[in-house]
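> One file is attached below, final17.txt, containing compact mmCIF, C-alpha atoms.
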```
# COMPACT_ATOMS: atom_id res chain seq x y z
CA MET A 15 78.62 -17.28 8.85
CA LYS A 16 78.03 -19.37 11.96
CA LYS A 17 80.43 -17.08 13.83
CA LEU A 18 78.31 -14.10 12.80
CA VAL A 19 75.14 -15.78 14.03
CA ARG A 20 76.80 -16.56 17.38
CA LYS A 21 77.79 -12.89 17.69
CA GLY A 22 74.12 -11.93 17.39
CA ILE A 23 74.03 -10.79 13.79
CA LYS A 24 70.61 -12.01 12.76
CA TRP A 25 70.70 -11.41 9.04
CA ALA A 26 72.82 -14.47 8.33
CA TYR A 27 71.06 -17.37 6.64
CA ILE A 28 72.85 -20.71 6.77
CA PRO A 29 71.89 -23.05 3.92
CA THR A 30 71.17 -26.68 4.79
CA TRP A 31 74.16 -27.92 2.80
CA ARG A 32 76.52 -25.52 4.63
CA SER A 33 77.80 -28.17 7.07
CA TYR A 34 79.59 -30.01 4.25
CA TRP A 35 81.74 -27.04 3.28
CA PHE A 36 84.50 -27.19 5.87
CA PRO A 37 85.61 -30.83 5.39
CA LEU A 38 85.23 -30.59 1.63
CA ASP A 39 87.12 -27.28 1.49
CA PHE A 40 89.94 -28.73 3.55
CA LEU A 41 90.10 -31.90 1.47
CA PHE A 42 89.96 -30.01 -1.83
CA THR A 43 92.66 -27.55 -0.72
CA LEU A 44 94.89 -30.40 0.43
CA LEU A 45 94.44 -32.38 -2.80
CA MET A 46 95.03 -29.33 -4.99
CA SER A 47 98.16 -28.37 -3.06
CA LEU A 48 99.53 -31.87 -3.64
CA ALA A 49 98.49 -31.81 -7.30
CA SER A 50 100.11 -28.39 -7.73
CA ALA A 51 103.39 -29.84 -6.49
CA LEU A 52 103.46 -32.45 -9.27
CA PRO A 53 105.39 -30.21 -11.72
CA ALA A 54 108.06 -29.71 -9.03
CA VAL A 55 108.18 -33.48 -8.48
CA TRP A 56 108.65 -33.97 -12.19
CA VAL A 57 111.51 -31.43 -12.29
CA PHE A 58 113.25 -33.15 -9.37
CA PHE A 59 112.76 -36.53 -11.04
CA LYS A 60 113.95 -35.53 -14.53
CA TRP A 61 116.60 -32.86 -14.10
CA LEU A 62 117.96 -32.83 -10.58
CA ASP A 63 119.97 -35.33 -8.59
CA TYR A 64 117.75 -35.03 -5.52
CA PRO A 65 115.06 -37.61 -4.73
CA TRP A 66 111.77 -36.97 -6.50
CA TYR A 67 109.75 -36.60 -3.29
CA TYR A 68 111.63 -33.36 -2.47
CA GLY A 69 109.32 -31.75 -5.00
CA PHE A 70 106.48 -31.99 -2.48
CA ALA A 71 108.28 -29.41 -0.34
CA VAL A 72 106.29 -26.69 -2.14
CA SER A 73 102.98 -28.26 -1.06
CA PRO A 74 102.72 -26.27 2.22
CA LEU A 75 103.08 -23.05 0.24
CA PHE A 76 100.25 -24.08 -2.09
CA PHE A 77 98.17 -25.16 0.92
CA ILE A 78 98.61 -21.75 2.57
CA VAL A 79 97.62 -19.97 -0.65
CA GLY A 80 94.56 -22.23 -0.98
CA ALA A 81 93.55 -21.59 2.64
CA VAL A 82 93.83 -17.82 2.14
CA LEU A 83 91.75 -17.99 -1.04
CA CYS A 84 89.13 -20.14 0.71
CA ARG A 85 88.90 -17.69 3.62
CA THR A 86 88.57 -14.77 1.20
CA ALA A 87 85.77 -16.53 -0.66
CA LYS A 88 83.89 -17.18 2.59
CA SER A 89 84.17 -13.55 3.67
CA LYS A 90 82.93 -12.38 0.26
CA THR A 91 79.99 -14.77 0.57
CA ALA A 92 79.12 -13.28 3.97
CA GLU A 93 79.30 -9.79 2.45
CA LEU A 94 76.92 -10.86 -0.33
CA TYR A 95 74.42 -12.20 2.20
CA GLN A 96 74.69 -8.99 4.20
CA SER A 97 74.10 -6.84 1.12
CA ALA A 98 71.11 -8.99 0.18
CA TYR A 99 69.71 -8.65 3.69
CA PHE A 100 69.98 -4.88 3.66
CA LEU A 101 68.19 -4.72 0.32
CA GLU A 102 65.34 -6.66 1.91
CA TYR A 103 65.50 -4.36 4.95
CA ARG A 104 65.17 -1.25 2.77
CA LYS A 105 62.27 -2.86 0.92
CA VAL A 106 60.39 -3.72 4.14
CA ARG A 107 61.01 -0.26 5.60
CA TYR A 108 59.83 1.40 2.37
CA GLU A 109 56.67 -0.73 2.16
CA SER A 110 55.72 0.02 5.75
CA GLU A 111 56.25 3.76 5.29
CA ILE A 112 54.27 3.88 2.02
CA LYS A 113 51.31 2.20 3.74
CA GLY A 114 51.58 4.65 6.63
CA ASN A 115 52.38 1.91 9.14
CA PHE A 116 55.31 3.44 10.92
CA ARG A 117 56.90 0.53 12.75
CA SER A 118 59.59 0.49 15.37
CA GLU A 119 63.08 -0.56 14.38
CA THR A 120 62.71 -3.96 16.05
CA ASP A 121 59.46 -4.67 14.20
CA VAL A 122 61.04 -3.81 10.86
CA HIS A 123 64.10 -5.88 11.72
CA ASN A 124 62.02 -8.92 12.73
CA HIS A 125 59.80 -8.67 9.65
CA THR A 126 62.91 -8.37 7.48
CA ILE A 127 64.48 -11.48 9.01
CA TRP A 128 61.25 -13.40 8.49
CA SER A 129 60.79 -12.37 4.86
CA PHE A 130 64.49 -12.71 4.02
CA THR A 131 64.70 -16.23 5.46
CA LYS A 132 61.45 -17.23 3.75
CA LYS A 133 62.71 -16.05 0.35
CA LEU A 134 66.10 -17.73 0.76
CA LYS A 135 64.55 -21.03 1.83
CA TYR A 136 62.29 -20.90 -1.22
CA ALA A 137 65.26 -20.14 -3.50
CA GLU A 138 67.28 -22.96 -1.94
CA ALA A 139 64.42 -25.41 -2.36
CA HIS A 140 64.32 -24.58 -6.08
CA GLY A 141 68.11 -24.70 -6.56
CA ARG A 142 68.55 -20.97 -7.12
CA LEU A 143 70.01 -19.82 -3.79
CA TRP A 144 73.36 -18.54 -5.03
CA LYS A 145 71.84 -16.90 -8.09
CA TYR A 146 69.15 -15.21 -5.98
CA VAL A 147 71.53 -13.92 -3.28
CA ASN A 148 73.98 -12.66 -5.88
CA ALA A 149 71.22 -10.83 -7.75
CA MET A 150 69.89 -9.28 -4.53
CA ALA A 151 73.35 -8.14 -3.47
CA LYS A 152 74.22 -6.61 -6.83
CA THR A 153 70.92 -4.87 -7.50
CA LYS A 154 70.74 -1.11 -7.60
CA LYS A 155 66.98 -0.96 -7.09
CA ILE A 156 66.66 1.28 -4.06
CA PRO A 157 63.29 2.74 -3.11
CA PRO A 158 63.21 6.50 -3.84
CA ASP A 159 62.57 7.55 -0.23
CA VAL A 160 65.58 5.62 1.01
CA TYR A 161 67.73 7.17 -1.68
CA ALA A 162 66.51 10.63 -0.66
CA GLU A 163 67.31 9.93 2.98
CA THR A 164 70.85 8.92 2.20
CA MET A 165 71.53 11.81 -0.13
CA TYR A 166 70.15 14.68 1.94
```
Please go through the file and, once you have read it, give me the structure as structure tokens.

Amino acid sequence: MKKLVRKGIKWAYIPTWRSYWFPLDFLFTLLMSLASALPAVWVFFKWLDYPWYYGFAVSPLFFIVGAVLCRTAKSKTAELYQSAYFLEYRKVRYESEIKGNFRSETDVHNHTIWSFTKKLKYAEAHGRLWKYVNAMAKTKKIPPDVYAETMY
């Protein structure tokens, strides 16, 4: 998500605990790849004439699979945040049009960023960030005017 913010995509919200992810992801993937090699170590120890530590040769394969899965999970998380942002964007646009306050695109965008960040900080402070973002991303509640614009 930090890459997206550097590229100028302003919808991204980076939680305060985000900085711990990379080292912990790397450590967890490394430990699980070594733990996944334990059955191979056992097979080499019990049934084969090779040294037992040859069983760890499958660890790089497990590490690569873990890294791919971790990258996929991060991209899906970014997609969830983006979907949640666009729900908030549609809501802000709809509210301004209902009131008759036709705003420019930059005003709507800035108000959306402000309200989206405010709501996510509140959800994070109460321990409901993931649940809130997931619910926002999966919701089908689209204001009727936006639905009409997209259909016709």
> May I have a table of the residues of range 59-131 of chain A lying at most 10 Å from range 43-46 of chain A, giving each one's closest pair of atoms and their distance in Å to one decimal, counting only C-alpha atoms, ordered by chain and ascending residue number, as CSV?

```
residue,atom,partner,partner_atom,distance
A:Ser73,CA,A:Leu44,CA,8.5
A:Pro74,CA,A:Leu44,CA,9.0
A:Phe76,CA,A:Met46,CA,8.0
A:Phe77,CA,A:Leu44,CA,6.2
A:Ile78,CA,A:Thr43,CA,8.9
A:Val79,CA,A:Thr43,CA,9.1
A:Gly80,CA,A:Thr43,CA,5.7
A:Ala81,CA,A:Thr43,CA,6.9
A:Leu83,CA,A:Thr43,CA,9.6
A:Cys84,CA,A:Thr43,CA,8.3
```
> Please compute the CA of Ala149 in chain A-CA of Thr91 in chain A distance, one decimal, in Å.
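So the two atoms, CA of Ala149 in chain A and CA of Thr91 in chain A, lie 12.7 Å apart.
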> Determine the nearest neighbour of Ser129 in chain A from the options A:Asp63, A:Trp35, A:Tyr103, A:Ala51, counting all atoms listed in the file.
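For Ser129 in chain A, the nearest of the candidates is A:Tyr103.
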> If I take CA of Ala151 in chain A and CA of Leu94 in chain A, how far is one from the other in Å, to one decimal?
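That distance, rounded to one decimal, is 5.5 Å.
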> Have a look at CA of Gln96 in chain A and CA of Met150 in chain A and let me know their distance in Å, one decimal.
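Atom-to-atom, CA of Gln96 in chain A to CA of Met150 in chain A, that is 10.0 Å.
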> Mind working out the centre and edge lengths of an axis-aligned box for range 86-99 of chain A, all listed atoms inside, 8 Å added to each side, rounded to one decimal in Å and written as AutoDock Vina command-line options?

```
--center_x 79.1 --center_y -12.0 --center_z 1.8 --size_x 34.9 --size_y 26.3 --size_z 20.9
```
> Which residue gives the smallest distance to Thr120 in chain A among A:Arg107, A:Lys90, A:Lys135, A:Arg142, with all atoms listed in the file counted?
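With all atoms listed in the file as the atom set, the closest residue is A:Arg107.
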> Which is closer to Val106 in chain A than all the others in A:Trp56, A:Phe70, A:Tyr146, A:Trp128, using all atoms listed in the file?
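The closest residue to Val106 in chain A is A:Trp128.
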> Compare A:Tyr68, A:Val55, A:Tyr95, A:Lys88 by their minimum atom-to-atom distance to Lys152 in chain A, counting all atoms listed in the file, and give me the closest one.
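Of A:Tyr68, A:Val55, A:Tyr95, A:Lys88, the one nearest Lys152 in chain A, counting all atoms listed in the file, is A:Tyr95.
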> Go through A:Arg85, A:Arg104, A:His140, A:Ala54 and flag the residue nearest Glu119 in chain A, using all atoms listed in the file for the distances.
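Using all atoms listed in the file, Glu119 in chain A sits closest to A:Arg104.
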